[in-house]
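Engineer: Below is the file start01.csv, which contains CSV, C-alpha atoms.
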```
chain,number,residue,atom,x,y,z
A,19,MET,CA,0.0,0.0,0.0
A,20,PHE,CA,1.4,3.4,-1.0
A,21,THR,CA,1.2,6.2,1.5
A,22,THR,CA,1.7,9.8,0.4
A,23,SER,CA,4.4,11.6,2.3
A,24,GLU,CA,3.4,14.5,4.5
A,25,ASP,CA,5.7,16.8,2.4
A,26,GLU,CA,3.8,15.8,-0.8
A,27,LEU,CA,0.5,16.3,0.9
A,28,VAL,CA,1.5,19.8,2.0
A,29,HIS,CA,2.8,20.7,-1.4
A,30,ARG,CA,-0.5,19.5,-3.0
A,31,ALA,CA,-2.5,21.3,-0.4
A,32,GLN,CA,-0.6,24.5,-1.0
A,33,HIS,CA,-1.6,24.2,-4.7
A,34,GLY,CA,-5.3,24.0,-3.8
A,35,ASP,CA,-5.8,20.2,-3.4
A,36,ARG,CA,-8.5,20.1,-0.7
A,37,SER,CA,-8.3,16.3,-0.5
A,38,ALA,CA,-4.6,16.5,0.4
A,39,PHE,CA,-5.3,18.9,3.2
A,40,ALA,CA,-8.2,16.7,4.4
A,41,GLU,CA,-5.6,13.9,4.6
A,42,LEU,CA,-3.3,16.1,6.7
A,43,VAL,CA,-6.3,16.9,9.0
A,44,ARG,CA,-7.1,13.2,9.3
A,45,ARG,CA,-3.5,12.4,10.2
A,46,HIS,CA,-3.1,15.1,12.8
A,47,HIS,CA,-6.7,15.7,14.2
A,48,ALA,CA,-6.4,13.5,17.2
A,49,HIS,CA,-3.0,14.9,18.3
A,50,VAL,CA,-4.1,18.5,17.9
A,51,ILE,CA,-7.3,17.8,19.9
A,52,GLY,CA,-5.2,16.2,22.6
A,53,VAL,CA,-2.7,19.0,22.8
A,54,VAL,CA,-5.4,21.7,22.8
A,55,TYR,CA,-7.5,19.9,25.4
A,56,ARG,CA,-4.6,19.6,27.7
A,57,LEU,CA,-4.0,23.3,27.3
A,58,CYS,CA,-7.6,24.5,27.9
A,59,GLY,CA,-9.2,21.6,29.9
A,60,ASP,CA,-12.5,21.6,28.2
A,61,PRO,CA,-13.3,19.0,25.5
A,62,HIS,CA,-15.8,21.3,23.7
A,63,LEU,CA,-13.4,24.2,23.6
A,64,ALA,CA,-10.7,21.8,22.5
A,65,GLU,CA,-12.8,20.7,19.5
A,66,ASP,CA,-13.6,24.2,18.6
A,67,ALA,CA,-10.0,25.4,19.0
A,68,ALA,CA,-8.7,22.5,16.9
A,69,GLN,CA,-11.2,23.2,14.2
A,70,GLU,CA,-10.1,26.9,14.2
A,71,ALA,CA,-6.5,25.8,14.1
A,72,PHE,CA,-7.1,23.8,11.0
A,73,VAL,CA,-9.0,26.6,9.4
A,74,ARG,CA,-6.1,29.0,10.1
A,75,ALA,CA,-3.7,26.4,8.8
A,76,TRP,CA,-5.7,26.2,5.5
A,77,LEU,CA,-5.9,30.0,5.2
A,78,ASN,CA,-2.2,30.4,5.9
A,79,LEU,CA,-0.9,27.4,4.1
A,80,ASN,CA,1.0,29.4,1.6
A,81,SER,CA,3.0,31.0,4.3
A,82,TYR,CA,4.3,27.6,5.5
A,83,ARG,CA,7.9,27.0,4.5
A,84,PRO,CA,9.4,23.5,5.1
A,85,LEU,CA,12.1,24.9,7.4
A,86,MET,CA,10.4,23.0,10.2
A,87,PRO,CA,8.1,20.0,10.1
A,88,TRP,CA,4.5,20.7,9.2
A,89,ARG,CA,3.3,19.1,12.4
A,90,ASN,CA,5.3,21.7,14.4
A,91,TRP,CA,3.9,24.5,12.3
A,92,LEU,CA,0.4,23.2,12.9
A,93,TYR,CA,1.1,22.8,16.7
A,94,ARG,CA,2.2,26.5,16.8
A,95,ILE,CA,-1.1,27.5,15.3
A,96,ALA,CA,-3.1,25.2,17.7
A,97,VAL,CA,-1.2,26.4,20.8
A,98,ASN,CA,-1.8,30.0,19.7
A,99,VAL,CA,-5.5,29.3,19.2
A,100,ALA,CA,-5.8,27.6,22.6
A,101,LEU,CA,-4.0,30.5,24.3
A,102,ASP,CA,-6.3,32.9,22.6
A,103,THR,CA,-9.3,30.8,23.8
A,104,LEU,CA,-8.0,30.9,27.3
A,105,ARG,CA,-7.6,34.6,27.2
A,106,ARG,CA,-11.1,35.0,26.0
A,107,GLU,CA,-12.6,32.7,28.6
A,108,ARG,CA,-10.8,34.4,31.6
A,109,HIS,CA,-12.3,31.9,34.0
A,110,THR,CA,-11.4,28.4,35.2
A,111,LEU,CA,-12.6,25.9,32.7
A,112,ALA,CA,-14.5,22.7,33.7
A,113,ILE,CA,-12.1,19.8,33.9
A,114,ASN,CA,-14.6,17.0,34.7
A,115,GLN,CA,-16.2,16.7,31.3
A,116,VAL,CA,-13.9,14.1,29.6
A,117,PRO,CA,-15.5,10.7,29.2
A,118,GLU,CA,-13.2,8.1,30.7
A,119,ALA,CA,-12.3,4.9,28.9
A,120,ARG,CA,-14.0,1.8,30.4
A,121,ASP,CA,-12.1,-1.4,31.2
A,122,ARG,CA,-13.5,-4.7,30.1
A,123,GLN,CA,-13.6,-5.9,33.7
A,124,PRO,CA,-13.5,-2.8,35.8
A,125,ASP,CA,-12.5,-2.9,39.4
A,126,PRO,CA,-14.7,-0.2,40.9
A,127,GLN,CA,-12.1,0.8,43.5
A,128,ALA,CA,-9.3,0.9,41.0
A,129,LEU,CA,-11.4,2.9,38.5
A,130,LEU,CA,-12.3,5.4,41.3
A,131,GLU,CA,-8.7,5.8,42.2
A,132,GLN,CA,-7.6,6.2,38.6
A,133,LYS,CA,-10.3,8.8,38.0
A,134,GLU,CA,-9.2,10.7,41.1
A,135,ARG,CA,-5.5,10.7,40.0
A,136,GLU,CA,-6.4,11.8,36.5
A,137,HIS,CA,-8.5,14.6,37.9
A,138,LEU,CA,-5.7,15.7,40.2
A,139,VAL,CA,-3.2,15.7,37.3
A,140,ARG,CA,-5.6,17.6,35.0
A,141,GLN,CA,-6.2,20.2,37.8
A,142,ALA,CA,-2.4,20.6,38.4
A,143,ILE,CA,-1.7,21.0,34.7
A,144,LEU,CA,-4.5,23.6,34.3
A,145,ALA,CA,-3.2,25.5,37.3
A,146,LEU,CA,0.1,26.1,35.4
A,147,PRO,CA,0.6,29.4,33.6
A,148,PRO,CA,-0.5,29.0,29.9
A,149,THR,CA,3.0,29.5,28.5
A,150,THR,CA,4.5,26.9,30.9
A,151,ARG,CA,1.6,24.5,30.3
A,152,ALA,CA,2.1,24.8,26.5
A,153,VAL,CA,5.7,23.5,26.8
A,154,LEU,CA,4.7,20.7,29.1
A,155,VAL,CA,1.8,19.6,27.0
A,156,LEU,CA,3.8,19.6,23.7
A,157,ARG,CA,6.6,17.6,25.4
A,158,GLU,CA,4.6,15.1,27.4
A,159,TYR,CA,1.4,14.7,25.4
A,160,GLY,CA,2.5,15.9,21.9
A,161,GLY,CA,5.8,14.0,22.0
A,162,LEU,CA,7.8,16.9,20.6
A,163,SER,CA,11.5,17.2,21.2
A,164,TYR,CA,12.9,20.3,22.9
A,165,ARG,CA,14.0,21.7,19.6
A,166,GLU,CA,10.6,21.0,18.0
A,167,ILE,CA,8.9,22.8,20.9
A,168,ALA,CA,11.2,25.8,20.5
A,169,GLU,CA,10.3,25.9,16.8
A,170,ALA,CA,6.6,25.4,17.4
A,171,LEU,CA,6.4,28.2,20.0
A,172,ASP,CA,9.1,30.4,18.5
A,173,ILE,CA,11.1,30.6,21.7
A,174,PRO,CA,14.7,29.8,22.5
A,175,LEU,CA,15.7,26.3,23.5
A,176,GLY,CA,16.8,27.4,26.9
A,177,THR,CA,13.4,28.8,27.5
A,178,VAL,CA,11.8,25.5,26.6
A,179,MET,CA,14.1,23.7,29.1
A,180,SER,CA,13.5,26.3,31.8
A,181,ARG,CA,9.7,26.2,31.4
A,182,LEU,CA,9.6,22.5,31.3
A,183,SER,CA,11.6,22.3,34.5
A,184,THR,CA,9.4,24.8,36.2
A,185,ALA,CA,6.2,22.9,35.0
A,186,ARG,CA,7.5,19.6,36.4
A,187,GLN,CA,8.6,21.2,39.7
A,188,ARG,CA,5.2,22.8,40.1
A,189,LEU,CA,3.4,19.5,39.3
A,190,ARG,CA,5.5,17.7,41.9
A,191,GLU,CA,4.7,20.3,44.5
A,192,HIS,CA,1.0,20.4,43.6
A,193,LEU,CA,0.6,16.6,43.5
A,194,ALA,CA,2.9,15.6,46.4
A,195,PRO,CA,0.2,15.7,49.1
A,196,TRP,CA,-2.1,13.3,47.1
A,197,LEU,CA,0.2,10.9,45.4
A,198,ALA,CA,2.8,8.4,46.7
A,199,PRO,CA,6.4,9.4,45.8
A,200,GLN,CA,6.6,6.8,43.0
A,201,GLU,CA,3.4,8.1,41.4
A,202,VAL,CA,4.4,11.7,41.0
A,203,PRO,CA,4.5,12.3,37.2
A,204,TYR,CA,7.5,13.5,35.3
A,205,GLU,CA,10.2,12.5,37.9
```
Using structure tokens, write down the structure from this file.

Structural biologist:
Amino acid sequence: MFTTSEDELVHRAQHGDRSAFAELVRRHHAHVIGVVYRLCGDPHLAEDAAQEAFVRAWLNLNSYRPLMPWRNWLYRIAVNVALDTLRRERHTLAINQVPEARDRQPDPQALLEQKEREHLVRQAILALPPTTRAVLVLREYGGLSYREIAEALDIPLGTVMSRLSTARQRLREHLAPWLAPQEVPYE
């Protein structure tokens, strides 16, 4: 089975091929939603922001230059849309609206503990300043390297490392009272 490369899809999309852009959206939609959700904490806002990010990407596609991967360029747009959304909202967003995955044979106590941990981690992440949260989310949930984060956010590499260190430290401090030492994320 032949799979079209991302570079070819971008090139075709830049020349007006909507099906090529639709394929790019299909390939990146879930990741963009995940990153934006972790930035804003609301699944409905995340869906709206992701859609807006793809619209902005389509409208600005001709400004994309392959100096960085298209995914990073798209994440830059998505993060900016999410931060704009947060600025517009100016209030704490609901963090309990995400449907949780169901186990085939759920242990009610284990499920309750897992939901509580997930809630605590979501709360701690949403309590971070937006710029620090963006770096953490792109690294831990987006899987971007430090250099890719620097490119996506247009900030120096040292700033990425500093913000990531700050985010991890704040998470440790915020979560320490509730989690056993071996459960504190990002250690």

Engineer: Where does region 36-115 of chain A meet region 147-168 of chain A within 9 Å, residue by residue, with the nearest atom pair and distance in Å to one decimal for each, counting only C-alpha atoms, listed by chain and rising number, as JSON lines?

Structural biologist:
```
{"residue": "A:His49", "atom": "CA", "partner": "A:Gly160", "partner_atom": "CA", "distance": 6.6}
{"residue": "A:Val50", "atom": "CA", "partner": "A:Gly160", "partner_atom": "CA", "distance": 8.1}
{"residue": "A:Gly52", "atom": "CA", "partner": "A:Tyr159", "partner_atom": "CA", "distance": 7.3}
{"residue": "A:Val53", "atom": "CA", "partner": "A:Gly160", "partner_atom": "CA", "distance": 6.1}
{"residue": "A:Val54", "atom": "CA", "partner": "A:Val155", "partner_atom": "CA", "distance": 8.6}
{"residue": "A:Arg56", "atom": "CA", "partner": "A:Val155", "partner_atom": "CA", "distance": 6.4}
{"residue": "A:Leu57", "atom": "CA", "partner": "A:Ala152", "partner_atom": "CA", "distance": 6.3}
{"residue": "A:Cys58", "atom": "CA", "partner": "A:Pro148", "partner_atom": "CA", "distance": 8.6}
{"residue": "A:Met86", "atom": "CA", "partner": "A:Glu166", "partner_atom": "CA", "distance": 8.1}
{"residue": "A:Pro87", "atom": "CA", "partner": "A:Glu166", "partner_atom": "CA", "distance": 8.3}
{"residue": "A:Asn90", "atom": "CA", "partner": "A:Glu166", "partner_atom": "CA", "distance": 6.4}
{"residue": "A:Tyr93", "atom": "CA", "partner": "A:Leu156", "partner_atom": "CA", "distance": 8.2}
{"residue": "A:Arg94", "atom": "CA", "partner": "A:Ile167", "partner_atom": "CA", "distance": 8.7}
{"residue": "A:Val97", "atom": "CA", "partner": "A:Ala152", "partner_atom": "CA", "distance": 6.8}
{"residue": "A:Leu101", "atom": "CA", "partner": "A:Pro148", "partner_atom": "CA", "distance": 6.8}
{"residue": "A:Leu104", "atom": "CA", "partner": "A:Pro148", "partner_atom": "CA", "distance": 8.2}
```

Engineer: Please produce a file of the residues just selected, as a PDB file, in the coordinates of the input, where the atoms kept are C-alpha atoms.

Structural biologist:
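Written file, again_26.pdb:
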```pdb
ATOM      1  CA  HIS A  49      -3.000  14.900  18.300  1.00  0.00           C
ATOM      2  CA  VAL A  50      -4.100  18.500  17.900  1.00  0.00           C
ATOM      3  CA  GLY A  52      -5.200  16.200  22.600  1.00  0.00           C
ATOM      4  CA  VAL A  53      -2.700  19.000  22.800  1.00  0.00           C
ATOM      5  CA  VAL A  54      -5.400  21.700  22.800  1.00  0.00           C
ATOM      6  CA  ARG A  56      -4.600  19.600  27.700  1.00  0.00           C
ATOM      7  CA  LEU A  57      -4.000  23.300  27.300  1.00  0.00           C
ATOM      8  CA  CYS A  58      -7.600  24.500  27.900  1.00  0.00           C
ATOM      9  CA  MET A  86      10.400  23.000  10.200  1.00  0.00           C
ATOM     10  CA  PRO A  87       8.100  20.000  10.100  1.00  0.00           C
ATOM     11  CA  ASN A  90       5.300  21.700  14.400  1.00  0.00           C
ATOM     12  CA  TYR A  93       1.100  22.800  16.700  1.00  0.00           C
ATOM     13  CA  ARG A  94       2.200  26.500  16.800  1.00  0.00           C
ATOM     14  CA  VAL A  97      -1.200  26.400  20.800  1.00  0.00           C
ATOM     15  CA  LEU A 101      -4.000  30.500  24.300  1.00  0.00           C
ATOM     16  CA  LEU A 104      -8.000  30.900  27.300  1.00  0.00           C
TER      17      LEU A 104
END
```

Engineer: Can you measure CA of Phe39 (chain A) to CA of Tyr82 (chain A) for me? One decimal in Å is fine.

Structural biologist: 13.2 Å

Engineer: For Ala67 (chain A), which residue out of A:Arg83, A:His29, A:His47, A:Arg181 is the nearest one, using all atoms listed in the file?

Structural biologist: A:His47

Engineer: Please measure the separation of CA of Thr103 (chain A) and CA of Pro61 (chain A), giving the value in Å to one decimal.

Structural biologist: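 Straight-line distance from CA of Thr103 (chain A) to CA of Pro61 (chain A) works out to 12.6 Å.
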
Engineer: Quick one: of A:Leu85, A:Met179, A:Leu79, A:Ala170, who's nearest to Asp35 (chain A), counting all atoms listed in the file?

Structural biologist: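 That would be A:Leu79, the residue with the smallest distance to Asp35 (chain A).
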
Engineer: Pick out the residues sitting within 12 Å of Glu26 (chain A), and hand them over as a list in words; count only C-alpha atoms, and ignore anything fewer than 3 positions along from it in its own chain.

Structural biologist: Thr21, Thr22, Ser23, His29, Arg30, Ala31, Gln32, His33, Asp35, Ala38, Phe39, Glu41, Leu42, Pro84 and Trp88 of chain A

Engineer: Using only C-alpha atoms, which of the listed residues (A:Leu193, A:Ala142, A:Ala48, A:Ala100) sits closest to Ala64 (chain A)?

Structural biologist: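 Using only C-alpha atoms, the shortest distance to Ala64 (chain A) belongs to A:Ala100.
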
Engineer: In terms of the shortest atom-to-atom distance over all atoms listed in the file, which of A:Leu63, A:Ala194, A:Val43, A:Ala75 is closest to Val139 (chain A)?

Structural biologist: A:Ala194

Engineer: So what do you get for CA of Ser183 (chain A) versus CA of Pro195 (chain A), distance-wise?

Structural biologist: 19.7 Å

Engineer: Around the point (-4.9, 20.6, 39.3) (coordinates from the file), which residues reach within 12 Å if we count only C-alpha atoms? Answer as an NGL selection string.

Structural biologist: :A and (56 or 59 or 110-114 or 134-147 or 151 or 188-194 or 196)

Engineer: Choose the residue, out of A:Ala185, A:Leu27, A:Leu175, A:Ala71, that has the smallest atom-to-atom separation from Asp102 (chain A); count all atoms listed in the file.

Structural biologist: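 With all atoms listed in the file as the atom set, the closest residue is A:Ala71.
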